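To keep things clear, I will list the structure first and then write my remarks on it.
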Amino acid sequence: MTLGALALLGVFALGILIDIPIAFALLMSALFYLLAFGAAPMMVSAQQFVAGMESFTLLAIPLFVLAAQLMNRAGLTERLVRLCMAMVGDIRGGLAVVAVLACMMFGALSGSGVADVIAIGSMLLPTMARNGYDKGFSSALVGTASSIGTVIPPSIVMIVYGTTSNTSVGQLFMGGIIPGLMLTVALVGVALYMSRKHGWSGGVAARVPGERRRALLSAMPALMVPVMIIGGIRFGVFTPTEAAASAILYAIIIGTCVYRSLTWRGFLDSVRATAETTGAILLIIGAAGMFAWGLTYEQVPQAIAQLIGEFTDSRISVLLLLTAVLLVLGSFMESVAIIIIVTPIVMPLLAQYGISPVHFGVLLTVNLAIGANTPPLGIDLMAACRIAGINVSDSLRPLGLMLGAMLTVLMLITFMPELVLFLPNLMEG
């Protein structure tokens with residue numbers, strides 16, 4: 001590896017160690033590299049920063065974020081939770097099951113794990129505490145279940161990966177459906193086991209005839225959103241970006257004409273929250289684009305591909321090695337930055353070993369979902385613990401079993417790629 005590459009990576013690592021925000025650590029290392037080694041004129045830094053964000057597909061990110069904000073303020077989240085409670089009933093551990101199902105359903109609206117934690121955790125974590133659930137368990141469960149939102153469509157992580165790797169976002173969305181459902185089943189199993197072991201209470205039984213039917217009808221507009229997005233993309237009605245714009249229009253119509261709970265103030269607050277979230281994401285994308293350009297200029301992807309090629313010629317071994325690296329990175333870095341930095345490095349490997357970019361993209365999102373709940377960063381876990389009012393250390397014991405269930409799903413889709421590729425192949429057919 002060249003001196004320039006070592007300097008680029010070294011300055012970035014130093015920035016992380018002294019707790020500089022990830023976007024500024026990326027910017028600092030890229031600018032230092034350009035200044036110290038004169039690889040290109042400084043104008044390149046501005047060009048690469050803008051080039052990293054210059055994609056029509058990336059427009060789907062603020063649109064999906066705004067759609068999720070509007071749906072939350074229109075009351076769709078509450079109706080999803082009410083539906084889950086009505087369907088689960090008063091089985092032992094019912095509230096824990098409701099938490100997992102509600103996180104999965106809202107993830108199909110938001111595409112973001114943190115948004116999922118805030119929306120669902122704010123509603124269910126206090127309720128679970130009042131019903132005797134351990135706060136550490138509840139926080140770990142909501143954190144891990146919320147990360148399913150990065151796996152199932154419309155996943156913001158998949159949009160960034162698809163844009164960076166020139167992979168069909170529609171196929172990535174389809175590929176994430178089965179793994180997302182597998183993660184849901186795995187976490188429901190853990191929730192039931194832990195709840196019954198500790199004797200934690202059930203949910204609420206249906207009190208009047210027809211309550212389940214009324215809850216289903218009330219939540220039906222929310223349930224139609226993922227159907228509209230996936231169906232529209234599957235049948236070529238619109239692109240992911242157009243699907244996001246359609247979801248905004250749908251949310252406005254439902255919130256103002258059907259539920260009549262979306263106010264002008266709520267709309268403005270949604271736009272403001274969307275601008276803040278999107279600004280943070282795009283800053284990381286632009287900075288990571290500069291950093292990735294430096295790595296590519298120094299031919300780091302080719303060097304790593306050659307090194308791994310000398311180490312093994314097994315496709316599975318390469319996937320397991322990449323999984324180990326991603327799990328470590330996910331514990332320390334933001335998902336978006338990881339994708340933009342890692343993707344140019346691994347694309348030559350995928351081509352060399354005949355690995356489907358769609359398969360790897362879904363593996364990447366599951367890895368990052370696990371990393372989002374792994375200290376020291378663990379952004380989804382930290383958000384859930386903050387809402388519950390506890391320290392992250394209080395959630396670590398129950399967290400181990402949940403991460404184990406997620407790792408099991410990760411290994412299954414690693415060794416059985418058809419679990420990921422079945423629906424994308426069906427989409428092509």
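Chain lettering (A, B, ...) mirrors the order of the structure tokens, residue numbering begins at 1 for each chain separately, and ligand numbering begins at 1 in order of display.
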Quick one: residues within 6 Å of segment 220-236 of chain A, only C-alpha atoms, excluding same-chain residues fewer than 6 positions away - as an mmCIF file with all heavy atoms, in the first residue's frame?
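Output contents, as saved in result_33.cif:
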```
data_model
loop_
_atom_site.group_PDB
_atom_site.id
_atom_site.type_symbol
_atom_site.label_atom_id
_atom_site.label_comp_id
_atom_site.auth_asym_id
_atom_site.auth_seq_id
_atom_site.Cartn_x
_atom_site.Cartn_y
_atom_site.Cartn_z
ATOM 1 N N LEU A 76 -50.491 7.518 11.317
ATOM 2 C CA LEU A 76 -50.390 6.152 10.812
ATOM 3 C C LEU A 76 -49.632 5.251 11.774
ATOM 4 O O LEU A 76 -49.942 4.054 11.894
ATOM 5 C CB LEU A 76 -49.706 6.137 9.437
ATOM 6 C CG LEU A 76 -50.637 6.333 8.224
ATOM 7 C CD1 LEU A 76 -51.190 7.759 8.200
ATOM 8 C CD2 LEU A 76 -49.899 6.050 6.916
ATOM 9 N N ALA A 108 -41.189 -0.312 7.066
ATOM 10 C CA ALA A 108 -41.641 -0.360 5.677
ATOM 11 C C ALA A 108 -42.179 0.984 5.209
ATOM 12 O O ALA A 108 -42.464 1.154 4.019
ATOM 13 C CB ALA A 108 -42.709 -1.434 5.511
ATOM 14 N N ALA A 243 -41.469 6.626 -6.675
ATOM 15 C CA ALA A 243 -42.263 5.970 -5.629
ATOM 16 C C ALA A 243 -42.254 6.800 -4.354
ATOM 17 O O ALA A 243 -43.280 6.928 -3.666
ATOM 18 C CB ALA A 243 -41.709 4.575 -5.346
#
```
Contacts of segment 149-165 of chain A within 8 Å, only C-alpha atoms, excl. fewer than 6 positions in-chain, as JSON, numbers by chain: {"A": [55, 57, 58, 60, 61, 64, 103, 104, 106, 107, 108, 109, 110, 111, 112, 113, 116, 172, 173, 174, 176, 177, 179, 180, 226, 229, 230, 335, 336, 339, 340, 343, 344, 347, 357, 361, 362, 365, 366, 369]}
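Considering the residues A:Val65, A:Ile370, A:Leu319, A:Ala280 and counting only C-alpha atoms, Ala23 of chain A has its shortest atom-to-atom contact with A:Ala280.
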Using only C-alpha atoms: which of A:Cys257, A:Leu368, A:Ile345, A:Ala140 has the shortest distance to Leu187 of chain A: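 Ranked by minimum distance to Leu187 of chain A, first place goes to A:Ala140.
For the pair atom CA of Leu70 of chain A and atom CA of Gly121 of chain A, the separation is 17.8 Å.
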Check the DSSP output for the backbone and give back, as number ranges by chain, the residues of segment 46-135 of chain A in alpha helix (DSSP H). A: 46-51, 60-73, 76-88, 94-110, 113-116, 122-130, 135
Would you list the contacts of segment 302-309 of chain A as a ChimeraX atom specification, taking every protein, DNA or RNA residue within 8 Å and counting only C-alpha atoms, but skipping same-chain residues closer than 6 positions in sequence? /A:1,318,345-346,348-349
Residue neighbourhood Trp200 of chain A, 8 Å, only C-alpha atoms, exclusion window fewer than 6 positions, as a PyMOL selection string: chain A and resi 92-93+131-133
Please produce a file of the residues just selected, as a PDB file, in the first residue's frame, where the atoms kept are all heavy atoms.
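Heads up, here's the output in result-v7.pdb:
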```
ATOM      1  N   ARG A  92     -48.642 -14.391  26.420  1.00  0.00           N
ATOM      2  CA  ARG A  92     -47.507 -14.058  27.257  1.00  0.00           C
ATOM      3  C   ARG A  92     -46.398 -13.427  26.397  1.00  0.00           C
ATOM      4  O   ARG A  92     -46.003 -13.967  25.380  1.00  0.00           O
ATOM      5  CB  ARG A  92     -46.969 -15.321  27.930  1.00  0.00           C
ATOM      6  CG  ARG A  92     -45.711 -15.122  28.762  1.00  0.00           C
ATOM      7  CD  ARG A  92     -45.972 -14.266  29.980  1.00  0.00           C
ATOM      8  NE  ARG A  92     -46.851 -14.935  30.936  1.00  0.00           N
ATOM      9  CZ  ARG A  92     -47.298 -14.392  32.061  1.00  0.00           C
ATOM     10  NH1 ARG A  92     -46.946 -13.138  32.345  1.00  0.00           N
ATOM     11  NH2 ARG A  92     -48.080 -15.061  32.870  1.00  0.00           N
ATOM     12  N   GLY A  93     -45.930 -12.272  26.812  1.00  0.00           N
ATOM     13  CA  GLY A  93     -44.931 -11.559  26.028  1.00  0.00           C
ATOM     14  C   GLY A  93     -45.511 -10.818  24.841  1.00  0.00           C
ATOM     15  O   GLY A  93     -44.777 -10.426  23.933  1.00  0.00           O
ATOM     16  N   ASN A 131     -45.711  -2.267  32.384  1.00  0.00           N
ATOM     17  CA  ASN A 131     -46.197  -3.643  32.471  1.00  0.00           C
ATOM     18  C   ASN A 131     -45.137  -4.622  32.963  1.00  0.00           C
ATOM     19  O   ASN A 131     -45.297  -5.835  32.812  1.00  0.00           O
ATOM     20  CB  ASN A 131     -46.719  -4.093  31.103  1.00  0.00           C
ATOM     21  CG  ASN A 131     -48.091  -3.539  30.790  1.00  0.00           C
ATOM     22  OD1 ASN A 131     -49.124  -4.139  31.119  1.00  0.00           O
ATOM     23  ND2 ASN A 131     -48.131  -2.359  30.167  1.00  0.00           N
ATOM     24  N   GLY A 132     -44.060  -4.107  33.548  1.00  0.00           N
ATOM     25  CA  GLY A 132     -43.092  -4.952  34.224  1.00  0.00           C
ATOM     26  C   GLY A 132     -41.923  -5.430  33.397  1.00  0.00           C
ATOM     27  O   GLY A 132     -41.084  -6.179  33.895  1.00  0.00           O
ATOM     28  N   TYR A 133     -41.840  -5.036  32.145  1.00  0.00           N
ATOM     29  CA  TYR A 133     -40.715  -5.461  31.314  1.00  0.00           C
ATOM     30  C   TYR A 133     -39.431  -4.771  31.768  1.00  0.00           C
ATOM     31  O   TYR A 133     -39.443  -3.589  32.121  1.00  0.00           O
ATOM     32  CB  TYR A 133     -40.969  -5.117  29.842  1.00  0.00           C
ATOM     33  CG  TYR A 133     -41.953  -6.023  29.144  1.00  0.00           C
ATOM     34  CD1 TYR A 133     -43.322  -5.840  29.295  1.00  0.00           C
ATOM     35  CD2 TYR A 133     -41.516  -7.065  28.330  1.00  0.00           C
ATOM     36  CE1 TYR A 133     -44.231  -6.670  28.648  1.00  0.00           C
ATOM     37  CE2 TYR A 133     -42.412  -7.894  27.677  1.00  0.00           C
ATOM     38  CZ  TYR A 133     -43.776  -7.687  27.846  1.00  0.00           C
ATOM     39  OH  TYR A 133     -44.669  -8.504  27.211  1.00  0.00           O
TER      40      TYR A 133
END
```
How close does segment 312-363 of chain A get to segment 387-410 of chain A? List, as JSON lines, each residue of segment 312-363 of chain A within 12 Å, its nearest atom pair and the distance in Å to one decimal, counting only C-alpha atoms.
```
{"residue": "A:Leu319", "atom": "CA", "partner": "A:Leu410", "partner_atom": "CA", "distance": 11.0}
{"residue": "A:Leu320", "atom": "CA", "partner": "A:Leu410", "partner_atom": "CA", "distance": 10.2}
{"residue": "A:Thr323", "atom": "CA", "partner": "A:Leu410", "partner_atom": "CA", "distance": 9.0}
{"residue": "A:Ala324", "atom": "CA", "partner": "A:Leu407", "partner_atom": "CA", "distance": 11.1}
{"residue": "A:Leu327", "atom": "CA", "partner": "A:Leu407", "partner_atom": "CA", "distance": 10.1}
{"residue": "A:His359", "atom": "CA", "partner": "A:Leu410", "partner_atom": "CA", "distance": 11.5}
{"residue": "A:Phe360", "atom": "CA", "partner": "A:Leu410", "partner_atom": "CA", "distance": 11.2}
{"residue": "A:Val362", "atom": "CA", "partner": "A:Leu410", "partner_atom": "CA", "distance": 9.5}
{"residue": "A:Leu363", "atom": "CA", "partner": "A:Leu410", "partner_atom": "CA", "distance": 6.9}
```
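Our summary of the geometry notes that atom CA of Met42 of chain A is positioned 19.1 Å from atom CA of Glu54 of chain A.
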May I have the residues within 7 Å of segment 268-279 of chain A as a PDB file with all heavy atoms, in the first residue's frame, using only C-alpha atoms and disregarding those fewer than 3 positions away in the same chain?
```
ATOM      1  N   PRO A  62     -34.396  12.171   0.722  1.00  0.00           N
ATOM      2  CA  PRO A  62     -35.244  13.173   1.387  1.00  0.00           C
ATOM      3  C   PRO A  62     -36.731  12.948   1.151  1.00  0.00           C
ATOM      4  O   PRO A  62     -37.545  13.253   2.028  1.00  0.00           O
ATOM      5  CB  PRO A  62     -34.776  14.502   0.771  1.00  0.00           C
ATOM      6  CG  PRO A  62     -34.095  14.133  -0.492  1.00  0.00           C
ATOM      7  CD  PRO A  62     -33.477  12.800  -0.253  1.00  0.00           C
ATOM      8  N   VAL A  65     -37.813  10.200   3.541  1.00  0.00           N
ATOM      9  CA  VAL A  65     -37.780  10.740   4.909  1.00  0.00           C
ATOM     10  C   VAL A  65     -38.995  11.636   5.146  1.00  0.00           C
ATOM     11  O   VAL A  65     -39.658  11.543   6.186  1.00  0.00           O
ATOM     12  CB  VAL A  65     -36.466  11.517   5.151  1.00  0.00           C
ATOM     13  CG1 VAL A  65     -36.525  12.256   6.481  1.00  0.00           C
ATOM     14  CG2 VAL A  65     -35.273  10.574   5.132  1.00  0.00           C
ATOM     15  N   LEU A  66     -39.308  12.497   4.186  1.00  0.00           N
ATOM     16  CA  LEU A  66     -40.471  13.379   4.326  1.00  0.00           C
ATOM     17  C   LEU A  66     -41.761  12.572   4.366  1.00  0.00           C
ATOM     18  O   LEU A  66     -42.659  12.869   5.165  1.00  0.00           O
ATOM     19  CB  LEU A  66     -40.511  14.385   3.179  1.00  0.00           C
ATOM     20  CG  LEU A  66     -41.706  15.352   3.159  1.00  0.00           C
ATOM     21  CD1 LEU A  66     -41.782  16.148   4.461  1.00  0.00           C
ATOM     22  CD2 LEU A  66     -41.624  16.299   1.966  1.00  0.00           C
ATOM     23  N   GLN A  69     -42.112  11.127   7.813  1.00  0.00           N
ATOM     24  CA  GLN A  69     -42.462  12.182   8.770  1.00  0.00           C
ATOM     25  C   GLN A  69     -43.948  12.523   8.678  1.00  0.00           C
ATOM     26  O   GLN A  69     -44.640  12.665   9.695  1.00  0.00           O
ATOM     27  CB  GLN A  69     -41.618  13.429   8.502  1.00  0.00           C
ATOM     28  CG  GLN A  69     -40.155  13.308   8.871  1.00  0.00           C
ATOM     29  CD  GLN A  69     -39.917  13.424  10.365  1.00  0.00           C
ATOM     30  OE1 GLN A  69     -40.770  13.895  11.113  1.00  0.00           O
ATOM     31  NE2 GLN A  69     -38.757  12.991  10.808  1.00  0.00           N
ATOM     32  N   LEU A  70     -44.438  12.679   7.458  1.00  0.00           N
ATOM     33  CA  LEU A  70     -45.848  13.029   7.265  1.00  0.00           C
ATOM     34  C   LEU A  70     -46.761  11.908   7.764  1.00  0.00           C
ATOM     35  O   LEU A  70     -47.794  12.166   8.384  1.00  0.00           O
ATOM     36  CB  LEU A  70     -46.112  13.309   5.787  1.00  0.00           C
ATOM     37  CG  LEU A  70     -45.442  14.576   5.213  1.00  0.00           C
ATOM     38  CD1 LEU A  70     -45.628  14.635   3.707  1.00  0.00           C
ATOM     39  CD2 LEU A  70     -46.029  15.830   5.865  1.00  0.00           C
ATOM     40  N   TRP A 264     -51.243  22.140   9.030  1.00  0.00           N
ATOM     41  CA  TRP A 264     -50.219  22.920   8.349  1.00  0.00           C
ATOM     42  C   TRP A 264     -48.956  23.004   9.200  1.00  0.00           C
ATOM     43  O   TRP A 264     -47.840  22.922   8.684  1.00  0.00           O
ATOM     44  CB  TRP A 264     -50.763  24.308   8.035  1.00  0.00           C
ATOM     45  CG  TRP A 264     -49.798  25.216   7.347  1.00  0.00           C
ATOM     46  CD1 TRP A 264     -49.242  26.355   7.838  1.00  0.00           C
ATOM     47  CD2 TRP A 264     -49.258  25.052   6.031  1.00  0.00           C
ATOM     48  NE1 TRP A 264     -48.393  26.920   6.918  1.00  0.00           N
ATOM     49  CE2 TRP A 264     -48.384  26.144   5.793  1.00  0.00           C
ATOM     50  CE3 TRP A 264     -49.430  24.088   5.024  1.00  0.00           C
ATOM     51  CZ2 TRP A 264     -47.683  26.287   4.602  1.00  0.00           C
ATOM     52  CZ3 TRP A 264     -48.732  24.245   3.830  1.00  0.00           C
ATOM     53  CH2 TRP A 264     -47.874  25.329   3.630  1.00  0.00           C
ATOM     54  N   ARG A 265     -49.119  23.154  10.509  1.00  0.00           N
ATOM     55  CA  ARG A 265     -47.959  23.186  11.416  1.00  0.00           C
ATOM     56  C   ARG A 265     -47.230  21.841  11.388  1.00  0.00           C
ATOM     57  O   ARG A 265     -45.992  21.792  11.379  1.00  0.00           O
ATOM     58  CB  ARG A 265     -48.445  23.496  12.839  1.00  0.00           C
ATOM     59  CG  ARG A 265     -47.348  23.458  13.904  1.00  0.00           C
ATOM     60  CD  ARG A 265     -46.316  24.552  13.662  1.00  0.00           C
ATOM     61  NE  ARG A 265     -45.279  24.533  14.665  1.00  0.00           N
ATOM     62  CZ  ARG A 265     -45.344  25.185  15.810  1.00  0.00           C
ATOM     63  NH1 ARG A 265     -46.424  25.906  16.096  1.00  0.00           N
ATOM     64  NH2 ARG A 265     -44.345  25.146  16.667  1.00  0.00           N
ATOM     65  N   LEU A 282     -26.486  13.757   3.586  1.00  0.00           N
ATOM     66  CA  LEU A 282     -25.793  14.203   2.375  1.00  0.00           C
ATOM     67  C   LEU A 282     -24.400  14.755   2.679  1.00  0.00           C
ATOM     68  O   LEU A 282     -23.494  14.653   1.849  1.00  0.00           O
ATOM     69  CB  LEU A 282     -26.632  15.249   1.643  1.00  0.00           C
ATOM     70  CG  LEU A 282     -27.930  14.721   1.020  1.00  0.00           C
ATOM     71  CD1 LEU A 282     -28.679  15.838   0.303  1.00  0.00           C
ATOM     72  CD2 LEU A 282     -27.647  13.580   0.050  1.00  0.00           C
ATOM     73  N   LEU A 283     -24.219  15.347   3.856  1.00  0.00           N
ATOM     74  CA  LEU A 283     -22.879  15.797   4.244  1.00  0.00           C
ATOM     75  C   LEU A 283     -21.929  14.606   4.326  1.00  0.00           C
ATOM     76  O   LEU A 283     -20.791  14.656   3.843  1.00  0.00           O
ATOM     77  CB  LEU A 283     -22.933  16.527   5.591  1.00  0.00           C
ATOM     78  CG  LEU A 283     -21.586  17.018   6.148  1.00  0.00           C
ATOM     79  CD1 LEU A 283     -20.947  18.022   5.187  1.00  0.00           C
ATOM     80  CD2 LEU A 283     -21.772  17.643   7.524  1.00  0.00           C
TER      81      LEU A 283
END
```
